[in-house]
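Reading through the structure tokens given below for one structure.
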Amino acid sequence: MRTAIVCACTLVPALLATAKAPVPEAHDARGTAGARQSAPAGALDAPTQVPIDAPITAVTAYQGRAAITRSGAITLDQGTFALRFANLPASIDALTLQAKVGDKARLVNVEYLETPVPDPSGSPAMISLNKEVEAARLALKTLEEDRAMLQSQLKLVEQIGVRATSDATRDGGTPQLSLEALRQQLAFVQTERARLVGEDRSFAQKAQAKAHELAALEARRSSLGAAERVVRSAEVTVAVPDGGEVPVSLTYLVSNAGWEPIYSVRGAADRSGVTLEFDANIAQRSGEDWKDVSLTISTAQPTQRANPPALSPIFVNIFVPPPPPPPPAGGEVEGGAAIGQDMYKNADRYRHPDKSGGGFGGGGGGSGGGSDGRTAAGLDADDLSEEKILRAKLGERIESLAAGAAVVEGGTAVSFELPRKITVPTNADRMIRTRVATITPKASFLYTAIPLLTESVYLRGKLVNTSPYQLVPGRAQIFMGSEYVGPTTIAGVAPNGEFVVYFGIDRAIRATRQLVMKNTTESGVFSKAVETVRNYRVLIDNGSGRPIDMELLDRRPVSRNEKITALAENLSAPISANAEYVRDLQPQGILRWDLSVPAGATGPTAMPVTWTTKVIAPKDVNITHVPD
């Protein structure tokens, strides 16, 4: 199959008319740089097919897709040439093919080709795979036979133990019983049994590993035999007016590849600041390895439509009910059928389980340094030895490889260019974790207490993304000092945007809630009313040894009926004046105090916060339950 993907430009007739016959020269059949390719005379209308060696040099990873760029250079004479890019992967999206050429050539068009190939059963790859499968089967069979022999020995040893115990029971209390011989027999049985059980366990583990290896080999063989027997390639047709070296690149999208953000948020033990480590988990099974490529990760989503969804109108008319369905044969209507039931199925995006365990692979940290912090340009005059200059330059190179990714704005998306080459094999079971950046956000800490639900007090960090990096929504691991706190998620945060991270429970601080008094009375002569009064107290115990700022949350009843009055009175501390709280939460009856708790406020000197709630309703009105 030959598909024209894009036509860049039509050859100018004048160019064809004035084109000179090429000078024949010998060239390498591979078509690599340095081998001059010549077009035969009169072949301007029929381009000369030339293979080009163009490995993968750059990858842009999206979430669920990746853009692959193959690059090469070839020396061409005057004429037209069809440069062949071979061995494209099965995961390619052919409609995304695009090419670029250097100034010495003109791009004519790009074509995608699928060429049938013979049955691979006799191919060297299949023959080699068959040998590996047979060797794995033989090894597994040998392990199973050895294990069966070992289990026979174990059964014999156990029979010896049973026999020795039986003889001892039979000869008990008689001269025939030799305690020393019995002791030796039982010790032998115990030692042999332990040895044989250990060897059997080892054989079982080896057999299981070999069975997994055999299954993987058979799956590869099945995939190779059942795969679509075609070779995928692309032809980039170029016109060369004067001849010379022509750089050329081919870019295309593949599926089964992408990246996801992984964050580690580390709060300083003394609450002095926060470090955020922004990593990228990269995985791909596109069918081709990425070896020492320049990698860019992007927030763009090429799997989504570029245009927004269409908004449909709403028309209102007089409803006409449909006619009733005819009764089924037999005069009975069957029951139990669920009509109009909606079925939902989770469709999570391409992910890999977090196997990091808090560790890091791939790119390492976002900070580094040379051997002594000096650059080659900054060395003293006495230090200008060749060795020291080389070491200083090496230090600069190492520091540049460990630096953060460069931020590239791209319209509606942001890309991060990694400063180092990276290798990602086409393996679904392996993820590469590499550092994008190490960020030090502006941080302020506040404790949050909700004693109605828990006595534990949580440390909250309000962070400002002061970096140029767009934080993509993703998973995060939270650390406080050297302690692991737990997992959380981070929403998308733009540069200079604010976000909140909780650093877990501070065991040195506690908030305890008490219902001090509850009293229900009746009042009034003619129209009686029932009044329920509740007095609450929260004791805040600060054993951290330092003063802290705290946000204390509780609630009060809110009336939804004009006959019912609900009040909060006698507050020992003023309610928060935070504008967001006053607008959103206070009307719902949520109480919030912004408190400064002194150091040493523990035990008898714990900080109290008290308030009273009242609910008043006519006696003949049955109100909903109000929890304490």
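Letters A, B, ... mark the chains of the structure tokens in the order given; residue numbers begin at 1 per chain; ligand numbers begin at 1, in order shown.
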Do you have, as a Markdown table, the list of residues of range 466-572 of chain A lying at most 10 Å from range 591-612 of chain A, each with its nearest atom pair and that distance in Å to one decimal, counting only C-alpha atoms and ordered by chain then number?
```
| residue | atom | partner | partner_atom | distance |
| --- | --- | --- | --- | --- |
| A:Ala508 | CA | A:Thr602 | CA | 10.0 |
| A:Ile509 | CA | A:Thr602 | CA | 9.0 |
| A:Arg510 | CA | A:Thr602 | CA | 9.4 |
| A:Ala511 | CA | A:Met607 | CA | 9.3 |
| A:Thr512 | CA | A:Pro608 | CA | 9.6 |
| A:Arg513 | CA | A:Val609 | CA | 9.3 |
| A:Gln514 | CA | A:Thr610 | CA | 9.5 |
| A:Leu515 | CA | A:Thr612 | CA | 9.9 |
| A:Val516 | CA | A:Thr610 | CA | 9.4 |
| A:Met517 | CA | A:Thr612 | CA | 9.3 |
| A:Lys518 | CA | A:Thr612 | CA | 9.8 |
| A:Val533 | CA | A:Thr612 | CA | 7.0 |
| A:Arg534 | CA | A:Thr612 | CA | 5.6 |
| A:Asn535 | CA | A:Thr612 | CA | 4.5 |
| A:Tyr536 | CA | A:Trp611 | CA | 5.5 |
| A:Arg537 | CA | A:Thr610 | CA | 4.4 |
| A:Val538 | CA | A:Val609 | CA | 5.1 |
| A:Leu539 | CA | A:Pro608 | CA | 4.6 |
| A:Ile540 | CA | A:Met607 | CA | 5.0 |
| A:Asp541 | CA | A:Thr602 | CA | 4.6 |
| A:Asn542 | CA | A:Ala601 | CA | 5.2 |
| A:Gly543 | CA | A:Gly600 | CA | 6.1 |
| A:Ser544 | CA | A:Ala599 | CA | 7.0 |
| A:Gly545 | CA | A:Ala599 | CA | 5.2 |
| A:Arg546 | CA | A:Ala599 | CA | 4.5 |
| A:Pro547 | CA | A:Pro598 | CA | 4.4 |
| A:Ile548 | CA | A:Val597 | CA | 5.3 |
| A:Asp549 | CA | A:Ser596 | CA | 4.6 |
| A:Met550 | CA | A:Leu595 | CA | 5.1 |
| A:Glu551 | CA | A:Asp594 | CA | 4.9 |
| A:Leu552 | CA | A:Trp593 | CA | 5.1 |
| A:Leu553 | CA | A:Arg592 | CA | 4.7 |
| A:Asp554 | CA | A:Leu591 | CA | 5.0 |
| A:Arg555 | CA | A:Leu591 | CA | 5.0 |
| A:Arg556 | CA | A:Leu591 | CA | 6.9 |
| A:Leu567 | CA | A:Thr612 | CA | 8.1 |
| A:Ala568 | CA | A:Thr612 | CA | 5.6 |
| A:Glu569 | CA | A:Thr612 | CA | 5.0 |
| A:Asn570 | CA | A:Trp611 | CA | 5.2 |
| A:Leu571 | CA | A:Trp611 | CA | 4.4 |
| A:Ser572 | CA | A:Thr610 | CA | 5.3 |
```
Store the residues of this selection in a file with N, CA and C atoms, as a compact mmCIF listing (two decimals), in the first residue's frame.
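Written output follows (again_12.txt):
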```txt
# COMPACT_ATOMS: atom_id res chain seq x y z
N ALA A 508 2.57 15.93 68.50
CA ALA A 508 2.80 16.75 69.69
C ALA A 508 1.66 17.72 69.96
N ILE A 509 0.68 17.76 69.07
CA ILE A 509 -0.42 18.72 69.21
C ILE A 509 -1.73 17.95 69.16
N ARG A 510 -2.69 18.36 70.00
CA ARG A 510 -3.97 17.66 70.06
C ARG A 510 -5.08 18.66 70.36
N ALA A 511 -6.24 18.41 69.80
CA ALA A 511 -7.42 19.24 70.06
C ALA A 511 -8.57 18.32 70.48
N THR A 512 -9.08 18.54 71.69
CA THR A 512 -10.12 17.67 72.25
C THR A 512 -11.42 18.45 72.41
N ARG A 513 -12.50 17.90 71.92
CA ARG A 513 -13.82 18.57 71.95
C ARG A 513 -14.70 17.94 73.03
N GLN A 514 -15.40 18.77 73.77
CA GLN A 514 -16.29 18.30 74.84
C GLN A 514 -17.64 19.00 74.74
N LEU A 515 -18.70 18.23 74.95
CA LEU A 515 -20.03 18.80 75.16
C LEU A 515 -20.17 19.02 76.67
N VAL A 516 -20.02 20.27 77.09
CA VAL A 516 -20.00 20.57 78.53
C VAL A 516 -21.39 20.47 79.14
N MET A 517 -22.41 20.96 78.42
CA MET A 517 -23.76 20.96 78.98
C MET A 517 -24.77 20.95 77.86
N LYS A 518 -25.87 20.23 78.08
CA LYS A 518 -27.01 20.23 77.15
C LYS A 518 -28.27 20.33 77.98
N VAL A 533 -30.18 24.20 74.54
CA VAL A 533 -28.91 24.91 74.66
C VAL A 533 -27.79 23.89 74.83
N ARG A 534 -26.72 24.08 74.09
CA ARG A 534 -25.54 23.21 74.19
C ARG A 534 -24.32 24.09 74.39
N ASN A 535 -23.51 23.76 75.37
CA ASN A 535 -22.25 24.45 75.63
C ASN A 535 -21.09 23.53 75.24
N TYR A 536 -20.18 24.05 74.40
CA TYR A 536 -19.05 23.26 73.90
C TYR A 536 -17.73 23.87 74.36
N ARG A 537 -16.72 22.98 74.45
CA ARG A 537 -15.38 23.45 74.77
C ARG A 537 -14.37 22.59 74.01
N VAL A 538 -13.38 23.27 73.42
CA VAL A 538 -12.26 22.58 72.78
C VAL A 538 -11.00 22.97 73.53
N LEU A 539 -10.22 21.97 73.93
CA LEU A 539 -8.94 22.20 74.59
C LEU A 539 -7.83 21.86 73.60
N ILE A 540 -6.95 22.85 73.35
CA ILE A 540 -5.84 22.68 72.42
C ILE A 540 -4.56 22.50 73.22
N ASP A 541 -3.95 21.34 73.03
CA ASP A 541 -2.74 20.96 73.77
C ASP A 541 -1.56 21.05 72.82
N ASN A 542 -0.68 22.01 73.06
CA ASN A 542 0.48 22.25 72.18
C ASN A 542 1.75 21.81 72.88
N GLY A 543 2.21 20.60 72.57
CA GLY A 543 3.45 20.09 73.16
C GLY A 543 4.62 20.16 72.22
N SER A 544 4.53 21.00 71.16
CA SER A 544 5.60 21.08 70.17
C SER A 544 6.80 21.87 70.65
N GLY A 545 6.62 22.67 71.70
CA GLY A 545 7.72 23.48 72.20
C GLY A 545 7.89 24.81 71.49
N ARG A 546 6.95 25.16 70.60
CA ARG A 546 7.03 26.44 69.88
C ARG A 546 5.61 26.94 69.66
N PRO A 547 5.43 28.25 69.54
CA PRO A 547 4.09 28.76 69.24
C PRO A 547 3.68 28.36 67.83
N ILE A 548 2.38 28.16 67.66
CA ILE A 548 1.88 27.71 66.36
C ILE A 548 0.65 28.52 65.97
N ASP A 549 0.41 28.61 64.67
CA ASP A 549 -0.83 29.17 64.14
C ASP A 549 -1.75 28.02 63.76
N MET A 550 -3.03 28.16 64.13
CA MET A 550 -3.96 27.05 63.93
C MET A 550 -5.28 27.56 63.37
N GLU A 551 -5.86 26.72 62.51
CA GLU A 551 -7.21 26.93 62.00
C GLU A 551 -8.10 25.88 62.66
N LEU A 552 -9.01 26.31 63.52
CA LEU A 552 -9.91 25.42 64.25
C LEU A 552 -11.29 25.44 63.58
N LEU A 553 -11.80 24.27 63.25
CA LEU A 553 -13.08 24.16 62.55
C LEU A 553 -14.07 23.37 63.38
N ASP A 554 -15.31 23.86 63.42
CA ASP A 554 -16.42 23.14 64.04
C ASP A 554 -17.69 23.55 63.29
N ARG A 555 -18.86 23.36 63.92
CA ARG A 555 -20.10 23.69 63.22
C ARG A 555 -21.18 24.07 64.22
N ARG A 556 -22.20 24.73 63.70
CA ARG A 556 -23.39 25.07 64.49
C ARG A 556 -24.61 24.78 63.63
N LEU A 567 -28.89 29.65 66.77
CA LEU A 567 -27.92 30.69 67.10
C LEU A 567 -26.62 30.07 67.60
N ALA A 568 -25.53 30.85 67.44
CA ALA A 568 -24.25 30.55 68.09
C ALA A 568 -23.89 31.77 68.92
N GLU A 569 -23.67 31.57 70.23
CA GLU A 569 -23.45 32.69 71.14
C GLU A 569 -22.26 32.41 72.05
N ASN A 570 -21.87 33.45 72.78
CA ASN A 570 -20.86 33.35 73.84
C ASN A 570 -19.54 32.73 73.33
N LEU A 571 -19.11 33.17 72.17
CA LEU A 571 -17.86 32.65 71.63
C LEU A 571 -16.69 33.27 72.38
N SER A 572 -15.80 32.41 72.88
CA SER A 572 -14.67 32.92 73.65
C SER A 572 -13.60 33.54 72.77
```
Take CA of Pro89 in chain A and CA of Asp289 in chain A and report the distance between them in Å, one decimal.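 So the answer is 10.2 Å.
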Between CA of Ala66 in chain A and CA of Asp292 in chain A, measure the distance and give it in Å to one decimal. 15.7 Å
Per residue of range 176-252 of chain A within 7 Å of range 152-162 of chain A, note the shortest atom pair and the distance in Å to one decimal, counting only C-alpha atoms, and order the rows by chain and increasing residue number, as JSON lines.
```
{"residue": "A:Leu186", "atom": "CA", "partner": "A:Gly161", "partner_atom": "CA", "distance": 6.4}
{"residue": "A:Val189", "atom": "CA", "partner": "A:Gly161", "partner_atom": "CA", "distance": 5.9}
{"residue": "A:Arg193", "atom": "CA", "partner": "A:Leu154", "partner_atom": "CA", "distance": 6.3}
{"residue": "A:Leu196", "atom": "CA", "partner": "A:Leu154", "partner_atom": "CA", "distance": 6.1}
```
Could you please take those selected residues and save N, CA, C and O atoms as a PDB file, in the first residue's frame?
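Result written to out20.pdb:
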```pdb
ATOM      1  N   LEU A 186      16.538 -39.611  65.025  1.00  0.00           N
ATOM      2  CA  LEU A 186      15.662 -38.443  64.921  1.00  0.00           C
ATOM      3  C   LEU A 186      16.439 -37.205  64.481  1.00  0.00           C
ATOM      4  O   LEU A 186      15.938 -36.364  63.714  1.00  0.00           O
ATOM      5  N   VAL A 189      16.992 -37.537  60.800  1.00  0.00           N
ATOM      6  CA  VAL A 189      15.750 -37.254  60.072  1.00  0.00           C
ATOM      7  C   VAL A 189      15.486 -35.757  60.025  1.00  0.00           C
ATOM      8  O   VAL A 189      15.130 -35.191  58.970  1.00  0.00           O
ATOM      9  N   ARG A 193      15.629 -33.716  56.586  1.00  0.00           N
ATOM     10  CA  ARG A 193      14.349 -33.122  56.155  1.00  0.00           C
ATOM     11  C   ARG A 193      14.498 -31.618  55.910  1.00  0.00           C
ATOM     12  O   ARG A 193      13.999 -31.076  54.927  1.00  0.00           O
ATOM     13  N   LEU A 196      16.421 -31.152  52.615  1.00  0.00           N
ATOM     14  CA  LEU A 196      15.625 -31.489  51.431  1.00  0.00           C
ATOM     15  C   LEU A 196      14.492 -30.483  51.210  1.00  0.00           C
ATOM     16  O   LEU A 196      14.176 -30.133  50.065  1.00  0.00           O
TER      17      LEU A 196
END
```
Find, counting only C-alpha atoms, the residue in A:Arg266, A:Lys388, A:Arg183, A:Arg285 that gets nearest to Gly504 in chain A. A:Arg266
Give me every helix (DSSP H, G or I) residue in range 57-150 of chain A, going by DSSP on the backbone, as a tab-separated table (two decimals) with C-alpha atoms, in the first residue's frame.
```tsv
chain	number	residue	atom	x	y	z
A	120	PRO	CA	8.55	-15.27	9.06
A	121	SER	CA	8.57	-18.93	10.15
A	122	GLY	CA	11.84	-19.48	8.31
A	124	PRO	CA	16.57	-16.07	11.36
A	125	ALA	CA	14.65	-14.35	14.17
A	126	MET	CA	12.00	-17.10	14.27
A	127	ILE	CA	14.59	-19.89	14.07
A	128	SER	CA	16.54	-18.35	16.95
A	129	LEU	CA	13.36	-17.92	18.98
A	130	ASN	CA	12.36	-21.56	18.39
A	131	LYS	CA	15.75	-22.65	19.76
A	132	GLU	CA	15.28	-20.48	22.85
A	133	VAL	CA	11.79	-21.94	23.43
A	134	GLU	CA	13.04	-25.54	23.14
A	135	ALA	CA	15.98	-24.84	25.47
A	136	ALA	CA	13.64	-23.28	28.05
A	137	ARG	CA	11.26	-26.26	27.82
A	138	LEU	CA	14.12	-28.71	28.32
A	139	ALA	CA	15.44	-26.74	31.30
A	140	LEU	CA	11.98	-26.65	32.87
A	141	LYS	CA	11.51	-30.37	32.34
A	142	THR	CA	14.90	-31.09	33.96
A	143	LEU	CA	14.01	-28.93	36.96
A	144	GLU	CA	10.68	-30.74	37.36
A	145	GLU	CA	12.38	-34.17	37.16
A	146	ASP	CA	15.02	-33.15	39.71
A	147	ARG	CA	12.33	-31.85	42.01
A	148	ALA	CA	10.33	-35.06	41.71
A	149	MET	CA	13.45	-37.06	42.70
A	150	LEU	CA	14.04	-34.72	45.62
```
Hey, what's within 9 Å of Phe278 in chain A if we count only C-alpha atoms and toss same-chain stuff fewer than 2 positions away? As number ranges by chain, please? A: 261-265, 276, 280, 366, 434-439, 471
Minimum-distance residue to Arg84 in chain A, chosen among A:Glu288, A:Glu111, A:Glu192, A:Glu235 (using only C-alpha atoms):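 When distances to Arg84 in chain A are compared using only C-alpha atoms, the smallest one comes from A:Glu235.
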7 Å contact set for Pro241 in chain A, only C-alpha atoms, chain neighbours under 5 positions out, as a PyMOL selection string: chain A and resi 78-79+105
Members of range 453-586 of chain A assigned strand (DSSP E or B) by DSSP, as a compact mmCIF listing (two decimals) with N, CA and C atoms, in the first residue's frame:
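Heads up, here's the output in states20.txt:
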```txt
# COMPACT_ATOMS: atom_id res chain seq x y z
N SER A 456 -6.61 14.45 66.32
CA SER A 456 -5.34 14.71 65.63
C SER A 456 -5.36 16.08 64.97
N VAL A 457 -4.20 16.70 64.92
CA VAL A 457 -4.04 18.02 64.31
C VAL A 457 -3.10 17.86 63.12
N TYR A 458 -3.49 18.41 61.98
CA TYR A 458 -2.77 18.24 60.72
C TYR A 458 -2.00 19.50 60.36
N LEU A 459 -0.79 19.30 59.84
CA LEU A 459 0.05 20.41 59.38
C LEU A 459 -0.24 20.65 57.90
N ARG A 460 -0.61 21.86 57.57
CA ARG A 460 -0.93 22.23 56.20
C ARG A 460 0.08 23.23 55.68
N GLY A 461 0.55 23.01 54.46
CA GLY A 461 1.45 23.96 53.82
C GLY A 461 0.76 24.67 52.69
N LYS A 462 0.78 25.97 52.72
CA LYS A 462 0.26 26.77 51.61
C LYS A 462 1.46 27.18 50.77
N LEU A 463 1.52 26.66 49.54
CA LEU A 463 2.70 26.82 48.70
C LEU A 463 2.39 27.68 47.49
N VAL A 464 3.40 28.41 47.04
CA VAL A 464 3.31 29.23 45.84
C VAL A 464 4.37 28.74 44.86
N LEU A 471 3.06 22.87 36.76
CA LEU A 471 2.89 21.60 37.45
C LEU A 471 1.66 20.91 36.88
N GLY A 474 -0.88 15.24 39.03
CA GLY A 474 -0.23 13.93 39.19
C GLY A 474 -0.13 13.52 40.64
N ARG A 475 0.43 12.32 40.83
CA ARG A 475 0.61 11.76 42.17
C ARG A 475 1.81 12.38 42.87
N ALA A 476 1.76 12.38 44.19
CA ALA A 476 2.86 12.95 44.97
C ALA A 476 3.08 12.13 46.23
N GLN A 477 4.33 12.07 46.66
CA GLN A 477 4.70 11.45 47.93
C GLN A 477 5.12 12.58 48.87
N ILE A 478 4.61 12.55 50.11
CA ILE A 478 4.84 13.62 51.06
C ILE A 478 5.83 13.15 52.13
N PHE A 479 6.82 13.97 52.39
CA PHE A 479 7.82 13.70 53.43
C PHE A 479 7.89 14.91 54.35
N MET A 480 8.11 14.62 55.63
CA MET A 480 8.35 15.68 56.61
C MET A 480 9.65 15.35 57.32
N GLU A 483 10.93 11.62 57.53
CA GLU A 483 9.82 10.69 57.68
C GLU A 483 8.89 10.75 56.47
N TYR A 484 8.47 9.57 56.03
CA TYR A 484 7.48 9.49 54.95
C TYR A 484 6.09 9.66 55.56
N VAL A 485 5.32 10.60 55.02
CA VAL A 485 3.99 10.91 55.56
C VAL A 485 2.92 10.10 54.85
N GLY A 486 2.93 10.10 53.52
CA GLY A 486 1.92 9.36 52.78
C GLY A 486 1.72 9.94 51.40
N PRO A 487 0.82 9.32 50.62
CA PRO A 487 0.58 9.79 49.24
C PRO A 487 -0.49 10.86 49.19
N THR A 488 -0.47 11.63 48.13
CA THR A 488 -1.53 12.61 47.87
C THR A 488 -1.51 12.89 46.37
N THR A 489 -2.28 13.85 45.94
CA THR A 489 -2.27 14.28 44.54
C THR A 489 -2.08 15.79 44.49
N ILE A 490 -1.49 16.23 43.39
CA ILE A 490 -1.30 17.66 43.15
C ILE A 490 -2.08 18.03 41.89
N VAL A 493 -0.95 23.36 38.55
CA VAL A 493 -0.58 24.64 39.16
C VAL A 493 0.28 25.41 38.16
N GLU A 498 -1.04 29.18 43.54
CA GLU A 498 -1.02 28.67 44.90
C GLU A 498 -1.62 27.26 44.95
N PHE A 499 -1.11 26.44 45.86
CA PHE A 499 -1.69 25.13 46.09
C PHE A 499 -1.41 24.71 47.53
N VAL A 500 -2.18 23.75 48.01
CA VAL A 500 -2.12 23.34 49.41
C VAL A 500 -1.68 21.88 49.47
N VAL A 501 -0.77 21.59 50.39
CA VAL A 501 -0.30 20.23 50.64
C VAL A 501 -0.36 19.98 52.14
N TYR A 502 -0.93 18.86 52.53
CA TYR A 502 -0.97 18.48 53.94
C TYR A 502 0.21 17.56 54.26
N PHE A 503 0.91 17.86 55.36
CA PHE A 503 2.08 17.10 55.75
C PHE A 503 1.78 16.13 56.89
N GLY A 504 0.52 15.77 57.06
CA GLY A 504 0.17 14.74 58.01
C GLY A 504 -0.08 15.25 59.41
N ILE A 505 -0.11 14.31 60.35
CA ILE A 505 -0.47 14.58 61.75
C ILE A 505 0.78 14.94 62.55
N ASP A 506 0.66 15.97 63.37
CA ASP A 506 1.71 16.33 64.32
C ASP A 506 1.30 15.73 65.67
N ARG A 507 2.04 14.70 66.11
CA ARG A 507 1.67 13.98 67.34
C ARG A 507 1.84 14.81 68.60
N ALA A 508 2.57 15.93 68.50
CA ALA A 508 2.80 16.75 69.69
C ALA A 508 1.66 17.72 69.96
N ILE A 509 0.68 17.76 69.07
CA ILE A 509 -0.42 18.72 69.21
C ILE A 509 -1.73 17.95 69.16
N ARG A 510 -2.69 18.36 70.00
CA ARG A 510 -3.97 17.66 70.06
C ARG A 510 -5.08 18.66 70.36
N ALA A 511 -6.24 18.41 69.80
CA ALA A 511 -7.42 19.24 70.06
C ALA A 511 -8.57 18.32 70.48
N THR A 512 -9.08 18.54 71.69
CA THR A 512 -10.12 17.67 72.25
C THR A 512 -11.42 18.45 72.41
N ARG A 513 -12.50 17.90 71.92
CA ARG A 513 -13.82 18.57 71.95
C ARG A 513 -14.70 17.94 73.03
N GLN A 514 -15.40 18.77 73.77
CA GLN A 514 -16.29 18.30 74.84
C GLN A 514 -17.64 19.00 74.74
N LEU A 515 -18.70 18.23 74.95
CA LEU A 515 -20.03 18.80 75.16
C LEU A 515 -20.17 19.02 76.67
N VAL A 516 -20.02 20.27 77.09
CA VAL A 516 -20.00 20.57 78.53
C VAL A 516 -21.39 20.47 79.14
N MET A 517 -22.41 20.96 78.42
CA MET A 517 -23.76 20.96 78.98
C MET A 517 -24.77 20.95 77.86
N LYS A 518 -25.87 20.23 78.08
CA LYS A 518 -27.01 20.23 77.15
C LYS A 518 -28.27 20.33 77.98
N ASN A 519 -29.12 21.32 77.65
CA ASN A 519 -30.32 21.56 78.45
C ASN A 519 -31.47 21.94 77.52
N THR A 520 -32.62 21.29 77.71
CA THR A 520 -33.82 21.57 76.93
C THR A 520 -34.91 22.07 77.87
N THR A 521 -35.48 23.26 77.55
CA THR A 521 -36.52 23.85 78.39
C THR A 521 -37.68 24.32 77.53
N GLU A 522 -38.85 24.55 78.20
CA GLU A 522 -40.02 25.12 77.54
C GLU A 522 -40.25 26.52 78.08
N SER A 523 -40.68 27.42 77.22
CA SER A 523 -40.96 28.79 77.63
C SER A 523 -42.24 29.26 76.96
N ALA A 529 -42.64 27.36 73.43
CA ALA A 529 -41.50 27.06 72.56
C ALA A 529 -40.53 26.16 73.32
N VAL A 530 -39.83 25.33 72.56
CA VAL A 530 -38.82 24.43 73.13
C VAL A 530 -37.45 24.99 72.76
N GLU A 531 -36.60 25.17 73.77
CA GLU A 531 -35.27 25.72 73.55
C GLU A 531 -34.23 24.71 74.03
N THR A 532 -33.29 24.37 73.14
CA THR A 532 -32.21 23.44 73.49
C THR A 532 -30.89 24.20 73.43
N VAL A 533 -30.18 24.20 74.54
CA VAL A 533 -28.91 24.91 74.66
C VAL A 533 -27.79 23.89 74.83
N ARG A 534 -26.72 24.08 74.09
CA ARG A 534 -25.54 23.21 74.19
C ARG A 534 -24.32 24.09 74.39
N ASN A 535 -23.51 23.76 75.37
CA ASN A 535 -22.25 24.45 75.63
C ASN A 535 -21.09 23.53 75.24
N TYR A 536 -20.18 24.05 74.40
CA TYR A 536 -19.05 23.26 73.90
C TYR A 536 -17.73 23.87 74.36
N ARG A 537 -16.72 22.98 74.45
CA ARG A 537 -15.38 23.45 74.77
C ARG A 537 -14.37 22.59 74.01
N VAL A 538 -13.38 23.27 73.42
CA VAL A 538 -12.26 22.58 72.78
C VAL A 538 -11.00 22.97 73.53
N LEU A 539 -10.22 21.97 73.93
CA LEU A 539 -8.94 22.20 74.59
C LEU A 539 -7.83 21.86 73.60
N ILE A 540 -6.95 22.85 73.35
CA ILE A 540 -5.84 22.68 72.42
C ILE A 540 -4.56 22.50 73.22
N ASP A 541 -3.95 21.34 73.03
CA ASP A 541 -2.74 20.96 73.77
C ASP A 541 -1.56 21.05 72.82
N ASN A 542 -0.68 22.01 73.06
CA ASN A 542 0.48 22.25 72.18
C ASN A 542 1.75 21.81 72.88
N ILE A 548 2.38 28.16 67.66
CA ILE A 548 1.88 27.71 66.36
C ILE A 548 0.65 28.52 65.97
N ASP A 549 0.41 28.61 64.67
CA ASP A 549 -0.83 29.17 64.14
C ASP A 549 -1.75 28.02 63.76
N MET A 550 -3.03 28.16 64.13
CA MET A 550 -3.96 27.05 63.93
C MET A 550 -5.28 27.56 63.37
N GLU A 551 -5.86 26.72 62.51
CA GLU A 551 -7.21 26.93 62.00
C GLU A 551 -8.10 25.88 62.66
N LEU A 552 -9.01 26.31 63.52
CA LEU A 552 -9.91 25.42 64.25
C LEU A 552 -11.29 25.44 63.58
N LEU A 553 -11.80 24.27 63.25
CA LEU A 553 -13.08 24.16 62.55
C LEU A 553 -14.07 23.37 63.38
N ASP A 554 -15.31 23.86 63.42
CA ASP A 554 -16.42 23.14 64.04
C ASP A 554 -17.69 23.55 63.29
N ARG A 555 -18.86 23.36 63.92
CA ARG A 555 -20.10 23.69 63.22
C ARG A 555 -21.18 24.07 64.22
N THR A 565 -35.36 28.92 65.10
CA THR A 565 -34.24 29.83 65.30
C THR A 565 -33.03 29.03 65.75
N ALA A 566 -31.88 29.26 65.09
CA ALA A 566 -30.63 28.59 65.45
C ALA A 566 -29.56 29.66 65.62
N LEU A 567 -28.89 29.65 66.77
CA LEU A 567 -27.92 30.69 67.10
C LEU A 567 -26.62 30.07 67.60
N ALA A 568 -25.53 30.85 67.44
CA ALA A 568 -24.25 30.55 68.09
C ALA A 568 -23.89 31.77 68.92
N GLU A 569 -23.67 31.57 70.23
CA GLU A 569 -23.45 32.69 71.14
C GLU A 569 -22.26 32.41 72.05
```
Straight-line distance linking CA of Ile623 in chain A with CA of Val558 in chain A, stated in Å to one decimal: 12.2 Å
Measuring between only C-alpha atoms, which one of A:Thr60, A:Val238, A:Lys100, A:Leu250 shows the shortest distance to Ser415 in chain A?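 That would be A:Thr60, the residue with the smallest distance to Ser415 in chain A.
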Residues near Val230 in chain A, cut-off 6 Å, only C-alpha atoms, skip fewer than 3 positions along chain, as a list in words: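 That gives Glu114, Thr115, Pro116 and Val117 of chain A.
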